[in-house]
>>> print(open('query39.cif').read())   # mmCIF, C-alpha atoms and all ligand atoms
data_structure
#
loop_
_atom_site.label_atom_id
_atom_site.label_comp_id
_atom_site.auth_asym_id
_atom_site.auth_seq_id
_atom_site.Cartn_x
_atom_site.Cartn_y
_atom_site.Cartn_z
CA MET W 1 95.29 144.34 139.30
CA PHE W 2 92.27 146.44 140.19
CA ASN W 3 89.73 144.42 142.14
CA ILE W 4 86.26 145.07 143.48
CA THR W 5 85.70 144.30 147.15
CA ASN W 6 82.82 145.13 149.44
CA ALA W 7 80.27 145.68 146.69
CA GLU W 8 76.82 146.25 148.13
CA PHE W 9 73.27 146.23 146.89
CA ILE W 10 71.83 149.75 147.02
CA THR W 11 68.24 149.62 145.82
CA SER W 12 65.83 148.58 143.07
CA ALA W 13 63.97 151.04 140.88
CA ALA W 14 60.71 150.26 139.13
CA CYS W 15 60.24 153.74 137.64
CA LYS W 16 62.30 156.82 136.95
CA GLU W 17 61.30 158.48 140.22
CA GLN W 18 63.18 155.66 141.94
CA PHE W 19 66.39 155.99 139.92
CA ILE W 20 69.28 156.86 142.21
CA GLN W 21 71.01 160.21 142.10
CA THR W 22 74.76 159.80 142.38
CA ASP W 23 78.00 161.50 141.49
CA LYS W 24 79.68 158.14 140.94
CA PRO W 25 79.99 156.81 137.38
CA VAL W 26 77.30 154.27 136.55
CA ILE W 27 78.04 151.22 134.39
CA ALA W 28 74.89 149.45 133.21
CA ILE W 29 74.47 145.76 132.35
CA CYS W 30 71.89 144.84 129.73
CA GLY W 31 70.82 141.70 127.90
CA LYS W 32 68.10 139.13 127.46
CA SER W 33 66.54 137.46 130.47
CA ASN W 34 68.72 134.51 131.45
CA VAL W 35 71.80 135.62 129.49
CA GLY W 36 73.80 135.82 132.71
CA LYS W 37 73.58 139.45 133.87
CA SER W 38 73.30 138.64 137.57
CA SER W 39 76.02 135.99 137.35
CA PHE W 40 78.25 138.50 135.54
CA ILE W 41 77.76 141.02 138.34
CA ASN W 42 78.59 138.40 140.95
CA MET W 43 81.75 137.45 139.05
CA VAL W 44 82.88 141.05 138.66
CA THR W 45 82.20 141.92 142.30
CA ASN W 46 83.63 138.67 143.69
CA ARG W 47 80.39 137.96 145.47
CA LYS W 48 78.47 134.71 145.19
CA LYS W 49 75.01 136.00 145.88
CA LEU W 50 75.07 139.76 145.49
CA ALA W 51 72.76 139.65 142.47
CA LYS W 52 70.07 137.01 142.42
CA VAL W 53 70.76 134.27 139.87
CA SER W 54 67.79 132.30 138.64
CA LYS W 55 67.08 129.51 136.19
CA ASP W 56 63.67 130.91 135.44
CA PRO W 57 63.76 134.30 133.78
CA GLY W 58 62.19 136.73 136.22
CA ARG W 59 59.24 138.86 135.33
CA THR W 60 60.11 141.77 137.57
CA ARG W 61 61.09 144.86 135.64
CA LEU W 62 63.57 146.53 137.94
CA VAL W 63 66.85 148.36 137.73
CA ASN W 64 69.05 146.95 140.51
CA TYR W 65 71.90 149.14 141.70
CA PHE W 66 75.13 147.91 143.26
CA ASP W 67 77.70 150.15 144.90
CA CYS W 68 81.19 149.04 143.90
CA GLY W 69 83.12 151.71 145.77
CA ASN W 70 84.23 154.20 143.15
CA PHE W 71 81.46 153.33 140.70
CA ILE W 72 77.97 151.84 140.49
CA LEU W 73 76.75 148.84 138.56
CA ALA W 74 73.14 149.00 137.33
CA ASP W 75 71.58 145.64 136.47
CA LEU W 76 68.94 146.47 133.87
CA PRO W 77 65.77 144.41 133.48
CA GLY W 78 66.14 141.65 130.90
CA TYR W 79 64.28 141.59 127.62
CA GLY W 80 63.16 138.97 125.13
CA TYR W 81 61.10 136.88 127.49
CA ALA W 82 58.59 135.22 125.15
CA SER W 83 55.54 135.06 127.39
CA VAL W 84 55.64 138.72 128.41
CA SER W 85 52.54 140.72 127.49
CA LYS W 86 52.65 143.64 125.09
CA GLN W 87 51.83 145.95 127.95
CA GLU W 88 54.78 144.67 129.97
CA LYS W 89 57.08 145.08 126.98
CA LEU W 90 55.99 148.69 126.70
CA LYS W 91 56.64 149.19 130.39
CA TRP W 92 60.12 147.78 129.92
CA ALA W 93 60.79 150.04 126.93
CA ARG W 94 59.63 153.12 128.86
CA LEU W 95 61.84 152.24 131.82
CA MET W 96 64.84 151.87 129.50
CA GLU W 97 64.07 155.12 127.68
CA ASP W 98 63.84 156.90 131.03
CA PHE W 99 67.03 155.29 132.27
CA PHE W 100 69.12 156.25 129.26
CA ALA W 101 67.47 159.66 128.90
CA GLU W 102 69.07 160.67 132.20
CA LYS W 103 72.48 160.15 130.57
CA ARG W 104 73.79 158.69 133.78
CA ALA W 105 75.30 155.50 132.40
CA CYS W 106 78.85 156.26 131.26
CA HIS W 107 79.15 152.76 129.75
CA VAL W 108 77.04 149.69 129.09
CA PHE W 109 78.08 146.06 129.10
CA ALA W 110 75.72 144.45 126.58
CA LEU W 111 75.58 140.72 127.22
CA CYS W 112 74.82 138.03 124.67
CA ASP W 113 75.06 134.25 124.94
CA ILE W 114 78.22 133.03 123.22
CA ARG W 115 76.42 129.92 121.91
CA HIS W 116 73.63 131.73 120.12
CA GLY W 117 75.07 135.15 119.34
CA PRO W 118 72.86 138.22 119.15
CA ASN W 119 69.21 137.92 118.11
CA ALA W 120 67.07 140.76 116.74
CA ASP W 121 66.42 142.12 120.26
CA ASP W 122 70.14 142.22 121.07
CA LEU W 123 70.96 143.96 117.81
CA GLN W 124 68.16 146.47 118.40
CA MET W 125 69.55 147.19 121.87
CA ALA W 126 73.04 147.76 120.45
CA ASP W 127 71.55 149.96 117.73
CA TYR W 128 69.77 152.03 120.37
CA LEU W 129 72.98 152.51 122.37
CA TYR W 130 74.92 153.36 119.22
CA HIS W 131 72.40 155.97 118.06
CA ASN W 132 72.14 157.53 121.50
CA ILE W 133 75.94 157.73 121.71
CA ILE W 134 76.19 155.56 124.81
CA PRO W 135 79.52 153.71 124.79
CA PHE W 136 79.15 149.96 125.15
CA THR W 137 81.13 146.74 125.18
CA ILE W 138 79.77 143.39 124.00
CA ILE W 139 80.21 140.59 126.52
CA ALA W 140 79.78 137.02 125.23
CA THR W 141 78.60 135.01 128.25
CA LYS W 142 78.73 131.33 129.22
CA ALA W 143 82.03 130.71 127.39
CA ASP W 144 82.51 127.57 129.51
CA LYS W 145 79.88 125.94 127.29
CA LEU W 146 82.25 126.05 124.29
CA SER W 147 85.73 124.75 123.55
CA ARG W 148 88.55 127.23 122.96
CA ALA W 149 88.33 126.82 119.18
CA GLN W 150 84.54 127.15 119.22
CA THR W 151 84.88 130.25 121.39
CA GLY W 152 87.17 131.91 118.84
CA ARG W 153 84.83 131.13 115.97
CA SER W 154 81.79 132.24 117.89
CA VAL W 155 83.37 135.54 118.95
CA GLN W 156 84.23 136.17 115.30
CA SER W 157 80.66 135.61 114.13
CA ILE W 158 79.23 137.69 116.99
CA ALA W 159 81.57 140.52 115.94
CA THR W 160 80.29 140.22 112.38
CA ALA W 161 76.67 140.42 113.60
CA TYR W 162 77.39 143.54 115.66
CA LYS W 163 79.62 145.02 112.95
CA CYS W 164 82.53 145.41 115.33
CA GLY W 165 85.96 143.85 115.71
CA ALA W 166 86.42 140.50 117.44
CA GLY W 167 88.92 142.24 119.72
CA ASP W 168 86.12 144.46 121.02
CA ILE W 169 84.24 141.48 122.41
CA ILE W 170 85.05 139.92 125.77
CA ALA W 171 84.20 136.23 126.20
CA THR W 172 83.36 135.50 129.83
CA SER W 173 82.27 132.67 132.06
CA ALA W 174 80.80 133.21 135.48
CA GLN W 175 81.59 129.58 136.14
CA THR W 176 85.33 129.55 135.32
CA ARG W 177 85.80 133.34 135.70
CA GLN W 178 87.24 133.41 132.19
CA GLY W 179 87.46 136.98 130.93
CA LEU W 180 87.29 138.56 134.39
CA GLU W 181 90.66 140.28 134.03
CA LYS W 182 89.68 141.78 130.70
CA VAL W 183 86.42 143.06 132.16
CA LEU W 184 88.24 144.63 135.12
CA GLU W 185 90.76 146.22 132.74
CA LYS W 186 87.88 147.63 130.73
CA ILE W 187 86.22 149.01 133.88
CA GLU W 188 89.51 150.62 134.90
CA LEU W 189 89.76 152.21 131.48
CA ILE W 190 86.17 153.45 131.64
CA LEU W 191 86.72 154.98 135.07
CA ASN W 192 89.93 156.69 133.99
CA THR W 193 88.49 158.39 130.91
N1 LIG W 201 77.41 127.54 132.35
C1 LIG W 201 77.16 128.82 132.69
N2 LIG W 201 75.93 129.15 133.13
C2 LIG W 201 75.70 130.45 133.45
C3 LIG W 201 76.71 131.45 133.33
N3 LIG W 201 76.16 132.63 133.69
C4 LIG W 201 74.89 132.38 134.05
N4 LIG W 201 74.59 131.07 133.91
C5 LIG W 201 73.30 130.42 134.20
O1 LIG W 201 72.27 131.03 133.41
C6 LIG W 201 71.07 131.18 134.16
C7 LIG W 201 70.67 132.65 134.22
O2 LIG W 201 71.68 133.38 134.89
P1 LIG W 201 71.39 134.84 135.50
O3 LIG W 201 72.69 135.37 135.94
O4 LIG W 201 70.29 134.78 136.50
O5 LIG W 201 70.87 135.60 134.18
P2 LIG W 201 70.07 137.01 134.07
O6 LIG W 201 68.62 136.67 133.95
O7 LIG W 201 70.59 137.64 132.81
O8 LIG W 201 70.41 137.81 135.29
C8 LIG W 201 71.36 130.58 135.55
O9 LIG W 201 70.91 129.25 135.55
C9 LIG W 201 72.88 130.65 135.65
O10 LIG W 201 73.41 129.66 136.49
C10 LIG W 201 78.01 131.04 132.85
O11 LIG W 201 78.95 131.83 132.69
N5 LIG W 201 78.17 129.72 132.55
MG MG W 202 69.26 138.79 136.71
#
>>> encode(input="query39.cif", output="structure tokens", more="lines below")
Ligand SMILES: Nc1nc2c(ncn2[C@@H]2O[C@H](COP(=O)(O)OP(=O)(O)O)[C@@H](O)[C@H]2O)c(=O)[nH]1
Ligand SMILES: [Mg+2]
Amino acid sequence: MFNITNAEFITSAACKEQFIQTDKPVIAICGKSNVGKSSFINMVTNRKKLAKVSKDPGRTRLVNYFDCGNFILADLPGYGYASVSKQEKLKWARLMEDFFAEKRACHVFALCDIRHGPNADDLQMADYLYHNIIPFTIIATKADKLSRAQTGRSVQSIATAYKCGAGDIIATSAQTRQGLEKVLEKIELILNT
């Protein structure tokens, strides 16, 4: 099985001038603040503290890049943080527009919490990716919070909300590492196409 070792933090970008230029394929991670993006990156890279995990949703709007050897992971700034000002939301939207306008991300892992499913922001994000023809995979995070049966039901209803098949959704847990193999298989597939 393909495994990621020696992943390293590269840099953070606060604006498009700071986006990295690379020949390596870039896989981006998006989702609400607190959905588990950093934890997901740590799980995938087998590193405990590569990406900073925090209980309090951060306010910093940065794209964090991680070198994973033959590809790059880009941790996108989270959205949906209630107490963010309108001005900050606009800043976030511009950063995302700039990021995706460069057409550098060959795939996006769009994370949503398995307990709550996608909200309007998540669906809007997926809509944006769909309309801009950016391939993406839905990752349902924090699966350890649900029983097996609940997980199956939840994945089904998340698939309905996104209008995709349940088989297209990967349920993961950064805590139990559930779903890691499927994610690695997906990455392998992305890199080989
Ligand atoms: N139980 C559980 N908690 C998780 C999981 N992933 C993340 N968390 C918790 O959710 C909070 C936010 O995680 P983080 O990775 O920083 O989310 P981010 O804001 O999207 O980067 C932290 O308290 C994590 O410990 C998971 O798979 N299971
Ligand atoms: Mg984070």
>>> residues_near_point(input="query39.cif", point="(72.1, 141.0, 116.7)", cutoff="12 Å", atoms="only C-alpha atoms", output="number ranges by chain")
W: 31-32, 110-114, 116-128, 138, 157-164
>>> closest_atom_pairs(input="query39.cif", of="chain W", to="ligand LIG 201 (chain W)", cutoff="7 Å", atoms="only C-alpha atoms and all ligand atoms", output="tab-separated table")
residue	atom	partner	partner_atom	distance
W:Gly31	CA	W:LIG201	O7	6.4
W:Lys32	CA	W:LIG201	O7	6.1
W:Ser33	CA	W:LIG201	O6	4.1
W:Asn34	CA	W:LIG201	O6	3.3
W:Val35	CA	W:LIG201	O7	4.1
W:Gly36	CA	W:LIG201	O5	3.3
W:Lys37	CA	W:LIG201	O7	3.7
W:Ser38	CA	W:LIG201	O3	3.7
W:Ser39	CA	W:LIG201	O3	3.7
W:Phe40	CA	W:LIG201	O3	6.4
W:Lys52	CA	W:LIG201	O4	6.3
W:Val53	CA	W:LIG201	O4	3.4
W:Ser54	CA	W:LIG201	O4	4.1
W:Lys55	CA	W:LIG201	O9	3.9
W:Pro57	CA	W:LIG201	O6	5.4
W:Gly58	CA	W:LIG201	O6	6.8
W:Gly78	CA	W:LIG201	O7	6.3
W:Thr141	CA	W:LIG201	O11	5.5
W:Lys142	CA	W:LIG201	O11	3.5
W:Ala143	CA	W:LIG201	O11	6.2
W:Asp144	CA	W:LIG201	N5	5.7
W:Lys145	CA	W:LIG201	N1	5.9
W:Thr172	CA	W:LIG201	O11	6.4
W:Ser173	CA	W:LIG201	O11	3.5
W:Ala174	CA	W:LIG201	O11	3.6
W:Gln175	CA	W:LIG201	O11	4.9
>>> residues_around(input="query39.cif", residues="segment 17-22 of chain W", least_positions_apart="3", cutoff="8 Å", atoms="all atoms listed in the file", output="PyMOL selection string")
chain W and resi 12-14+25+63+99
>>> residues_around(input="query39.cif", residues="Gln156 of chain W", least_positions_apart="6", cutoff="10 Å", atoms="only C-alpha atoms", output="PyMOL selection string")
chain W and resi 150+164-167+169
>>> atom_distance(input="query39.cif", atom1="atom CA of Val84 of chain W", atom2="atom CA of Ala140 of chain W")
24.4 Å
>>> residues_around(input="query39.cif", residues="Arg94 of chain W", least_positions_apart="2", cutoff="12 Å", atoms="all atoms listed in the file", output="MDAnalysis selection string")
chainID W and resid 14:16 61:62 77 87:92 96:101
>>> atom_distance(input="query39.cif", atom1="atom CA of Thr5 of chain W", atom2="atom CA of Met43 of chain W")
11.3 Å
>>> closest_residue(input="query39.cif", among="W:Ala7, W:Ala28, W:Leu189, W:Leu76", to="ligand MG 202 (chain W)", atoms="only C-alpha atoms and all ligand atoms")
W:Leu76
>>> closest_residue(input="query39.cif", among="W:Ala82, W:Leu146, W:Ile134, W:Leu184", to="Asn46 of chain W", atoms="all atoms listed in the file")
W:Leu184
>>> atom_distance(input="query39.cif", atom1="atom CA of Asn70 of chain W", atom2="atom CA of Phe109 of chain W")
17.4 Å
>>> closest_residue(input="query39.cif", among="W:Ile4, W:Leu129, W:Ala149, W:Ala93", to="Ile72 of chain W", atoms="only C-alpha atoms")
W:Ile4
>>> closest_residue(input="query39.cif", among="W:Val26, W:Val155, W:Val108, W:Leu180", to="Cys68 of chain W", atoms="all atoms listed in the file")
W:Val26
>>> closest_residue(input="query39.cif", among="W:Ile133, W:Cys30, W:Leu50, W:Ile139", to="Ile170 of chain W", atoms="all atoms listed in the file")
W:Ile139
>>> residues_around(input="query39.cif", residues="Asp23 of chain W", least_positions_apart="5", cutoff="12 Å", atoms="all atoms listed in the file", output="list in words")
Asp67, Gly69, Asn70, Phe71, Ile72, Arg104, Ala105 and Cys106 of chain W
>>> build_atoms(input="query39.cif", residues="segment 95-118 of chain W", atoms="N, CA and C atoms", output="PDB file, in the coordinates of the input")
ATOM      1  N   LEU W  95      60.840 152.208 130.744  1.00  0.00           N
ATOM      2  CA  LEU W  95      61.840 152.240 131.820  1.00  0.00           C
ATOM      3  C   LEU W  95      63.248 152.447 131.245  1.00  0.00           C
ATOM      4  N   MET W  96      63.525 151.745 130.136  1.00  0.00           N
ATOM      5  CA  MET W  96      64.840 151.870 129.500  1.00  0.00           C
ATOM      6  C   MET W  96      65.049 153.260 128.912  1.00  0.00           C
ATOM      7  N   GLU W  97      64.003 153.765 128.244  1.00  0.00           N
ATOM      8  CA  GLU W  97      64.070 155.120 127.680  1.00  0.00           C
ATOM      9  C   GLU W  97      64.383 156.121 128.791  1.00  0.00           C
ATOM     10  N   ASP W  98      63.654 155.991 129.901  1.00  0.00           N
ATOM     11  CA  ASP W  98      63.840 156.900 131.030  1.00  0.00           C
ATOM     12  C   ASP W  98      65.261 156.770 131.591  1.00  0.00           C
ATOM     13  N   PHE W  99      65.698 155.532 131.696  1.00  0.00           N
ATOM     14  CA  PHE W  99      67.030 155.290 132.270  1.00  0.00           C
ATOM     15  C   PHE W  99      68.108 155.957 131.410  1.00  0.00           C
ATOM     16  N   PHE W 100      68.058 155.714 130.119  1.00  0.00           N
ATOM     17  CA  PHE W 100      69.120 156.250 129.260  1.00  0.00           C
ATOM     18  C   PHE W 100      68.942 157.737 128.983  1.00  0.00           C
ATOM     19  N   ALA W 101      67.706 158.238 129.112  1.00  0.00           N
ATOM     20  CA  ALA W 101      67.470 159.660 128.900  1.00  0.00           C
ATOM     21  C   ALA W 101      68.200 160.495 129.949  1.00  0.00           C
ATOM     22  N   GLU W 102      68.379 159.922 131.131  1.00  0.00           N
ATOM     23  CA  GLU W 102      69.070 160.670 132.200  1.00  0.00           C
ATOM     24  C   GLU W 102      70.563 160.798 131.957  1.00  0.00           C
ATOM     25  N   LYS W 103      71.062 160.075 130.960  1.00  0.00           N
ATOM     26  CA  LYS W 103      72.480 160.150 130.570  1.00  0.00           C
ATOM     27  C   LYS W 103      73.403 159.878 131.753  1.00  0.00           C
ATOM     28  N   ARG W 104      72.996 158.985 132.605  1.00  0.00           N
ATOM     29  CA  ARG W 104      73.790 158.690 133.780  1.00  0.00           C
ATOM     30  C   ARG W 104      74.767 157.541 133.550  1.00  0.00           C
ATOM     31  N   ALA W 105      74.415 156.641 132.644  1.00  0.00           N
ATOM     32  CA  ALA W 105      75.300 155.500 132.400  1.00  0.00           C
ATOM     33  C   ALA W 105      76.462 155.962 131.536  1.00  0.00           C
ATOM     34  N   CYS W 106      77.692 155.828 132.041  1.00  0.00           N
ATOM     35  CA  CYS W 106      78.850 156.260 131.260  1.00  0.00           C
ATOM     36  C   CYS W 106      79.284 155.129 130.327  1.00  0.00           C
ATOM     37  N   HIS W 107      78.796 153.912 130.592  1.00  0.00           N
ATOM     38  CA  HIS W 107      79.150 152.760 129.750  1.00  0.00           C
ATOM     39  C   HIS W 107      78.133 151.662 129.982  1.00  0.00           C
ATOM     40  N   VAL W 108      77.966 150.832 128.958  1.00  0.00           N
ATOM     41  CA  VAL W 108      77.040 149.690 129.090  1.00  0.00           C
ATOM     42  C   VAL W 108      77.787 148.424 128.695  1.00  0.00           C
ATOM     43  N   PHE W 109      77.643 147.385 129.506  1.00  0.00           N
ATOM     44  CA  PHE W 109      78.080 146.060 129.100  1.00  0.00           C
ATOM     45  C   PHE W 109      76.846 145.357 128.543  1.00  0.00           C
ATOM     46  N   ALA W 110      76.863 145.094 127.234  1.00  0.00           N
ATOM     47  CA  ALA W 110      75.720 144.450 126.580  1.00  0.00           C
ATOM     48  C   ALA W 110      76.052 142.965 126.446  1.00  0.00           C
ATOM     49  N   LEU W 111      75.284 142.145 127.163  1.00  0.00           N
ATOM     50  CA  LEU W 111      75.580 140.720 127.220  1.00  0.00           C
ATOM     51  C   LEU W 111      74.822 139.930 126.163  1.00  0.00           C
ATOM     52  N   CYS W 112      75.517 138.971 125.543  1.00  0.00           N
ATOM     53  CA  CYS W 112      74.820 138.030 124.670  1.00  0.00           C
ATOM     54  C   CYS W 112      75.436 136.644 124.871  1.00  0.00           C
ATOM     55  N   ASP W 113      74.629 135.630 124.706  1.00  0.00           N
ATOM     56  CA  ASP W 113      75.060 134.250 124.940  1.00  0.00           C
ATOM     57  C   ASP W 113      76.016 133.825 123.826  1.00  0.00           C
ATOM     58  N   ILE W 114      77.191 133.359 124.214  1.00  0.00           N
ATOM     59  CA  ILE W 114      78.220 133.030 123.220  1.00  0.00           C
ATOM     60  C   ILE W 114      77.780 131.902 122.280  1.00  0.00           C
ATOM     61  N   ARG W 115      76.845 131.046 122.741  1.00  0.00           N
ATOM     62  CA  ARG W 115      76.420 129.920 121.910  1.00  0.00           C
ATOM     63  C   ARG W 115      75.471 130.346 120.802  1.00  0.00           C
ATOM     64  N   HIS W 116      74.664 131.359 121.089  1.00  0.00           N
ATOM     65  CA  HIS W 116      73.630 131.730 120.120  1.00  0.00           C
ATOM     66  C   HIS W 116      73.936 133.022 119.370  1.00  0.00           C
ATOM     67  N   GLY W 117      74.816 133.856 119.957  1.00  0.00           N
ATOM     68  CA  GLY W 117      75.070 135.150 119.340  1.00  0.00           C
ATOM     69  C   GLY W 117      73.872 136.055 119.517  1.00  0.00           C
ATOM     70  N   PRO W 118      73.952 137.263 118.959  1.00  0.00           N
ATOM     71  CA  PRO W 118      72.860 138.220 119.150  1.00  0.00           C
ATOM     72  C   PRO W 118      71.626 137.870 118.320  1.00  0.00           C
TER      73      PRO W 118
END
